[in-house]
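Peer 1: Quick one, query08.txt (compact mmCIF, C-alpha atoms and all ligand atoms):
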```txt
# COMPACT_ATOMS: atom_id res chain seq x y z
CA MET A 209 -31.17 -12.22 -1.76
CA ALA A 210 -33.90 -14.56 -2.99
CA LEU A 211 -36.87 -13.40 -0.91
CA THR A 212 -38.58 -10.03 -1.10
CA ALA A 213 -36.41 -7.69 0.94
CA THR A 214 -37.66 -5.62 3.86
CA LEU A 215 -36.80 -1.93 3.95
CA VAL A 216 -37.14 0.61 6.73
CA VAL A 217 -37.14 4.13 5.26
CA LEU A 218 -36.07 7.19 7.25
CA ALA A 219 -37.21 10.61 6.00
CA SER A 220 -37.36 14.19 7.23
CA GLY A 221 -39.18 15.98 4.43
CA SER A 222 -41.42 15.62 1.43
CA GLY A 223 -40.62 11.97 0.87
CA SER A 224 -40.59 12.12 -2.92
CA ASN A 225 -37.79 9.54 -2.83
CA LEU A 226 -39.82 7.31 -0.51
CA GLN A 227 -42.55 7.57 -3.14
CA ALA A 228 -40.09 6.62 -5.89
CA ILE A 229 -39.12 3.52 -3.88
CA LEU A 230 -42.77 2.53 -3.34
CA ASP A 231 -43.54 3.08 -7.04
CA ALA A 232 -40.52 0.97 -8.07
CA CYS A 233 -41.78 -1.83 -5.78
CA ASP A 234 -45.22 -1.57 -7.40
CA ARG A 235 -43.72 -1.82 -10.89
CA GLY A 236 -41.72 -4.89 -9.86
CA GLU A 237 -38.39 -3.11 -10.44
CA LEU A 238 -37.47 -3.38 -6.78
CA ASP A 239 -38.22 -6.68 -5.04
CA ALA A 240 -38.83 -5.16 -1.64
CA GLU A 241 -41.49 -3.96 0.75
CA VAL A 242 -41.32 -1.03 3.14
CA SER A 243 -42.25 -2.29 6.61
CA LEU A 244 -41.81 1.00 8.49
CA VAL A 245 -41.29 4.70 7.74
CA VAL A 246 -39.59 6.79 10.42
CA VAL A 247 -39.82 10.60 10.38
CA ASN A 248 -38.08 13.00 12.75
CA ARG A 249 -40.13 16.09 11.87
CA ARG A 250 -43.85 16.41 12.56
CA SER A 251 -44.31 18.24 9.24
CA ALA A 252 -42.65 15.52 7.14
CA TYR A 253 -45.03 14.75 4.28
CA ALA A 254 -43.27 11.39 3.95
CA ALA A 255 -45.44 10.15 6.85
CA GLU A 256 -48.61 10.95 4.91
CA ARG A 257 -47.29 9.13 1.87
CA ALA A 258 -46.66 6.07 4.06
CA GLU A 259 -50.04 6.26 5.78
CA ALA A 260 -51.78 6.50 2.40
CA ARG A 261 -50.22 3.13 1.61
CA GLY A 262 -51.06 1.58 4.98
CA ILE A 263 -47.38 1.47 5.97
CA PRO A 264 -46.71 1.89 9.72
CA THR A 265 -45.00 5.15 10.66
CA HIS A 266 -42.93 6.13 13.68
CA TYR A 267 -42.36 9.74 14.74
CA ALA A 268 -38.95 10.13 16.39
CA PRO A 269 -38.05 13.72 17.33
CA LEU A 270 -34.65 14.45 18.87
CA GLY A 271 -36.08 17.34 20.94
CA PRO A 272 -37.10 15.38 24.07
CA TYR A 273 -33.62 13.83 24.26
CA ARG A 274 -32.03 17.28 24.08
CA GLN A 275 -34.20 18.35 27.00
CA GLN A 276 -33.31 15.26 29.00
CA PHE A 277 -29.52 15.43 28.50
CA ASP A 278 -27.28 18.49 29.04
CA ASP A 279 -24.75 17.16 26.59
CA LEU A 280 -25.72 16.99 22.90
CA SER A 281 -23.49 14.00 22.31
CA ALA A 282 -25.19 12.06 25.14
CA ALA A 283 -28.61 13.05 23.75
CA ARG A 284 -27.67 11.83 20.28
CA THR A 285 -26.30 8.54 21.59
CA ALA A 286 -29.47 7.84 23.62
CA TYR A 287 -31.72 8.85 20.72
CA ASP A 288 -29.77 6.74 18.24
CA THR A 289 -29.75 3.70 20.52
CA ASP A 290 -33.50 3.92 21.15
CA LEU A 291 -34.25 4.43 17.46
CA ALA A 292 -32.02 1.48 16.53
CA ALA A 293 -34.23 -0.74 18.72
CA VAL A 294 -37.40 0.51 16.99
CA VAL A 295 -35.89 -0.04 13.54
CA ALA A 296 -34.45 -3.46 14.45
CA ALA A 297 -37.93 -4.59 15.55
CA ALA A 298 -39.03 -4.13 11.92
CA SER A 299 -36.29 -6.62 10.85
CA PRO A 300 -34.97 -4.65 7.86
CA ASP A 301 -32.57 -6.01 5.28
CA LEU A 302 -31.68 -2.38 4.53
CA VAL A 303 -32.21 0.89 6.37
CA VAL A 304 -32.77 3.57 3.74
CA GLN A 305 -32.06 7.24 4.45
CA ALA A 306 -34.28 9.12 1.98
CA GLY A 307 -33.80 12.79 2.83
CA TRP A 308 -33.02 11.94 6.47
CA MET A 309 -31.55 15.06 8.08
CA HIS A 310 -29.97 13.57 11.18
CA LEU A 311 -26.39 12.41 11.47
CA PHE A 312 -26.26 9.01 13.17
CA SER A 313 -23.66 8.04 15.73
CA MET A 314 -22.36 4.49 16.02
CA GLY A 315 -25.16 4.01 18.59
CA PHE A 316 -27.39 3.51 15.54
CA LEU A 317 -24.94 2.54 12.81
CA GLY A 318 -23.31 -0.18 14.94
CA ALA A 319 -26.63 -2.05 14.96
CA PHE A 320 -26.83 -2.15 11.14
CA PRO A 321 -23.39 -2.86 9.66
CA ASP A 322 -23.41 -2.63 5.84
CA GLN A 323 -27.17 -2.10 5.96
CA VAL A 324 -27.60 1.69 6.00
CA VAL A 325 -27.93 3.41 2.62
CA ASN A 326 -28.01 7.17 2.02
CA LEU A 327 -29.01 9.34 -0.92
CA HIS A 328 -27.15 12.61 -1.44
CA PRO A 329 -27.77 15.25 -4.13
CA ALA A 330 -24.12 15.73 -5.13
CA LEU A 331 -21.25 13.77 -6.62
CA PRO A 332 -19.04 11.67 -4.29
CA GLY A 333 -16.92 13.90 -2.10
CA ARG A 334 -18.75 17.12 -3.04
CA PHE A 335 -21.00 19.38 -0.98
CA PRO A 336 -21.68 17.25 2.12
CA GLY A 337 -24.51 18.35 4.38
CA ALA A 338 -28.10 19.46 4.08
CA HIS A 339 -27.60 22.18 1.43
CA ALA A 340 -25.82 20.40 -1.42
CA ILE A 341 -28.04 21.82 -4.17
CA ASP A 342 -27.65 25.38 -2.85
CA ASP A 343 -23.89 24.88 -2.53
CA ALA A 344 -23.58 23.62 -6.11
CA TRP A 345 -25.75 26.50 -7.34
CA THR A 346 -23.54 29.03 -5.50
CA GLU A 347 -20.42 27.53 -7.08
CA HIS A 348 -22.13 27.62 -10.48
CA GLN A 349 -22.86 31.33 -10.06
CA ASN A 350 -19.46 32.22 -8.58
CA SER A 351 -17.11 30.11 -10.65
CA GLY A 352 -19.06 28.47 -13.45
CA LEU A 353 -19.51 24.96 -12.05
CA ASP A 354 -21.18 23.16 -14.95
CA ARG A 355 -22.05 19.81 -13.37
CA THR A 356 -23.16 18.28 -10.13
CA GLY A 357 -24.88 14.94 -9.51
CA VAL A 358 -26.48 12.48 -7.16
CA MET A 359 -25.01 9.53 -5.32
CA VAL A 360 -26.14 6.56 -3.27
CA HIS A 361 -23.73 5.19 -0.72
CA LEU A 362 -23.43 2.97 2.32
CA VAL A 363 -23.13 4.66 5.72
CA PRO A 364 -20.49 2.75 7.71
CA ASP A 365 -19.63 5.51 10.19
CA GLU A 366 -20.25 9.12 11.19
CA GLY A 367 -18.81 10.61 7.99
CA VAL A 368 -21.21 13.18 6.50
CA ASP A 369 -22.65 12.03 3.16
CA ASP A 370 -19.61 9.82 2.80
CA GLY A 371 -19.06 6.07 2.48
CA PRO A 372 -18.68 3.29 -0.11
CA VAL A 373 -20.46 4.45 -3.28
CA ILE A 374 -23.15 2.17 -4.75
CA ALA A 375 -24.16 4.43 -7.65
CA PHE A 376 -23.72 7.99 -8.86
CA GLU A 377 -24.73 10.01 -11.87
CA GLU A 378 -23.48 13.34 -13.18
CA ILE A 379 -26.04 16.05 -13.89
CA PRO A 380 -25.27 19.07 -16.09
CA ILE A 381 -25.88 22.65 -14.96
CA HIS A 382 -26.84 24.63 -18.06
CA ALA A 383 -25.93 28.29 -18.57
CA ASP A 384 -29.60 29.30 -18.85
CA ASP A 385 -30.73 27.26 -15.81
CA LYS A 386 -32.58 28.82 -12.93
CA ARG A 387 -32.01 27.27 -9.52
CA GLU A 388 -35.38 25.53 -9.63
CA ASP A 389 -34.49 23.98 -13.02
CA LEU A 390 -31.41 22.40 -11.46
CA GLU A 391 -33.32 21.19 -8.41
CA ALA A 392 -36.04 19.61 -10.56
CA ARG A 393 -33.40 17.90 -12.73
CA ILE A 394 -31.65 16.51 -9.62
CA HIS A 395 -34.86 15.15 -8.11
CA CYS A 396 -35.85 13.56 -11.42
CA VAL A 397 -32.51 11.70 -11.54
CA GLU A 398 -32.76 10.74 -7.84
CA HIS A 399 -36.15 9.13 -8.37
CA ARG A 400 -34.65 6.85 -11.03
CA VAL A 401 -31.17 6.22 -9.58
CA PHE A 402 -32.09 5.61 -5.92
CA PRO A 403 -34.51 2.67 -6.34
CA ALA A 404 -32.21 1.17 -8.99
CA ALA A 405 -29.21 1.39 -6.64
CA ILE A 406 -31.19 -0.27 -3.83
CA ALA A 407 -32.23 -3.06 -6.22
CA GLN A 408 -28.61 -3.47 -7.34
CA LEU A 409 -27.39 -3.69 -3.75
CA LEU A 410 -30.05 -6.26 -2.82
CA GLU A 411 -29.26 -8.37 -5.88
CA SER A 412 -25.56 -8.38 -5.02
CA ARG A 413 -26.26 -9.95 -1.61
C1 LIG B 1 -33.17 14.68 -1.60
O1 LIG B 1 -32.77 15.61 -2.58
C2 LIG B 1 -31.97 14.01 -0.99
O2 LIG B 1 -30.93 13.79 -1.90
C3 LIG B 1 -31.56 15.02 0.06
O3 LIG B 1 -32.79 15.41 0.63
C4 LIG B 1 -33.79 15.41 -0.40
C5 LIG B 1 -35.03 14.73 0.12
O4 LIG B 1 -36.10 14.88 -0.78
N1 LIG B 1 -30.66 14.46 1.02
C6 LIG B 1 -29.62 15.14 1.53
O5 LIG B 1 -29.40 16.30 1.26
C7 LIG B 1 -28.72 14.34 2.47
N2 LIG B 1 -27.59 15.09 2.82
P1 LIG B 1 -37.45 14.05 -0.57
O6 LIG B 1 -37.89 14.27 0.89
O7 LIG B 1 -38.43 14.64 -1.54
O8 LIG B 1 -37.16 12.61 -0.83
```
Once you've parsed the file, please lay out its structure as structure tokens.

Peer 2:
Amino acid sequence: MALTATLVVLASGSGSNLQAILDACDRGELDAEVSLVVVNRRSAYAAERAEARGIPTHYAPLGPYRQQFDDLSAARTAYDTDLAAVVAAASPDLVVQAGWMHLFSMGFLGAFPDQVVNLHPALPGRFPGAHAIDDAWTEHQNSGLDRTGVMVHLVPDEGVDDGPVIAFEEIPIHADDKREDLEARIHCVEHRVFPAAIAQLLESR
């Protein structure tokens, strides 16, 4: 991809990985610009990080759709279809899930084939869901798990934290670790691996 790529970033929380992407763009390590940041929680600090950079933000809560539709599946489909239109209007080359805690249906994913990228704080195939660090820590305490990791993958379908892997890195769990040591180590690796994986994917296209 010769021209500077356009990213739309989706986040539900602190947005430290959004920050890592913006910093990598600033350093010239990632030839991209973030044209829109979408958050689905009012409290998501990611929105403040975006606003501090003058990046447009969009707040997209699922709640109103759950009130409108009796059926959760119908609510998700309507939400995903509407959000796909908002994201498509920003013309992204990639849609980047950076701590995005909402599982998309094909109503969203069908609009962005091979364009949705997800970060997950575990090795491929391990600990899917929103509590991967807790799950690895529990297995460390119960049965001595001595490594976990982070991965970046494409999101082709509704599989949870599953899809073609772009990059992953193992992370040791040391015997004298506290849980917060492991979490800090994981985030530190994420902030390096995620922007690099996005750059690698863009360069391959
Ligand atoms: C990151 O650790 C990311 O891997 C995880 O959410 C965190 C977001 O942190 N994602 C998942 O667990 C996806 N299943 P951030 O808001 O500081 O970027």

Peer 1: Could you please extract the residues within 9 Å of ligand LIG 1 (chain B), counting only C-alpha atoms and all ligand atoms, and hand them back as a PyMOL selection string?

Peer 2: chain A and resi 219-228+252-254+305-310+326-330+335-341+358-360+368-369+391+394-395+398-399

Peer 1: Go through A:Arg249, A:Leu291, A:Val304, A:Asn350 one by one, measure the shortest atom-to-atom distance of each to Leu218 (chain A) using only C-alpha atoms, and give the residue with the smallest value.

Peer 2: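 The closest residue to Leu218 (chain A) is A:Val304.
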
Peer 1: Could you tell me which of A:Ile406, A:Val295, A:Leu353, A:Leu280 comes closest to Val247 (chain A) if we count only C-alpha atoms?

Peer 2: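 Nearest to Val247 (chain A): A:Val295.
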
Peer 1: A:Arg387, A:Pro364, A:Leu317, A:Ala405: which is nearest Gln349 (chain A), counting all atoms listed in the file?

Peer 2: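 Under the stated criterion, the closest residue is A:Arg387.
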
Peer 1: Work out how far CA of Ala260 (chain A) is from CA of Thr214 (chain A), in Å to one decimal.

Peer 2: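 Atom-to-atom, CA of Thr214 (chain A) to CA of Ala260 (chain A), that is 18.7 Å.
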
Peer 1: (-41.6, 6.1, 6.7) in this file's frame - what residues fall within 6 Å of it? Use only C-alpha atoms and give the answer as a PyMOL selection string.

Peer 2: chain A and resi 217-218+244-246+255+258+265

Peer 1: Provide an axis-aligned box for all listed atoms of region 382-393 of chain A, padding each side by 8 Å; report its centre and its edge lengths in Å to one decimal, as lines of an AutoDock Vina configuration file.

Peer 2:
```
center_x = -31.0
center_y = 23.6
center_z = -13.6
size_x = 26.1
size_y = 27.4
size_z = 26.4
```

Peer 1: Is it possible to get the residues within 10 Å of (-38.4, 1.3, -7.1) (coordinates as in the file, counting all atoms listed in the file) written as JSON, numbers by chain?

Peer 2: {"A": [225, 226, 227, 228, 229, 230, 231, 232, 233, 234, 235, 236, 237, 238, 239, 240, 241, 399, 400, 401, 402, 403, 404, 405, 406, 407]}
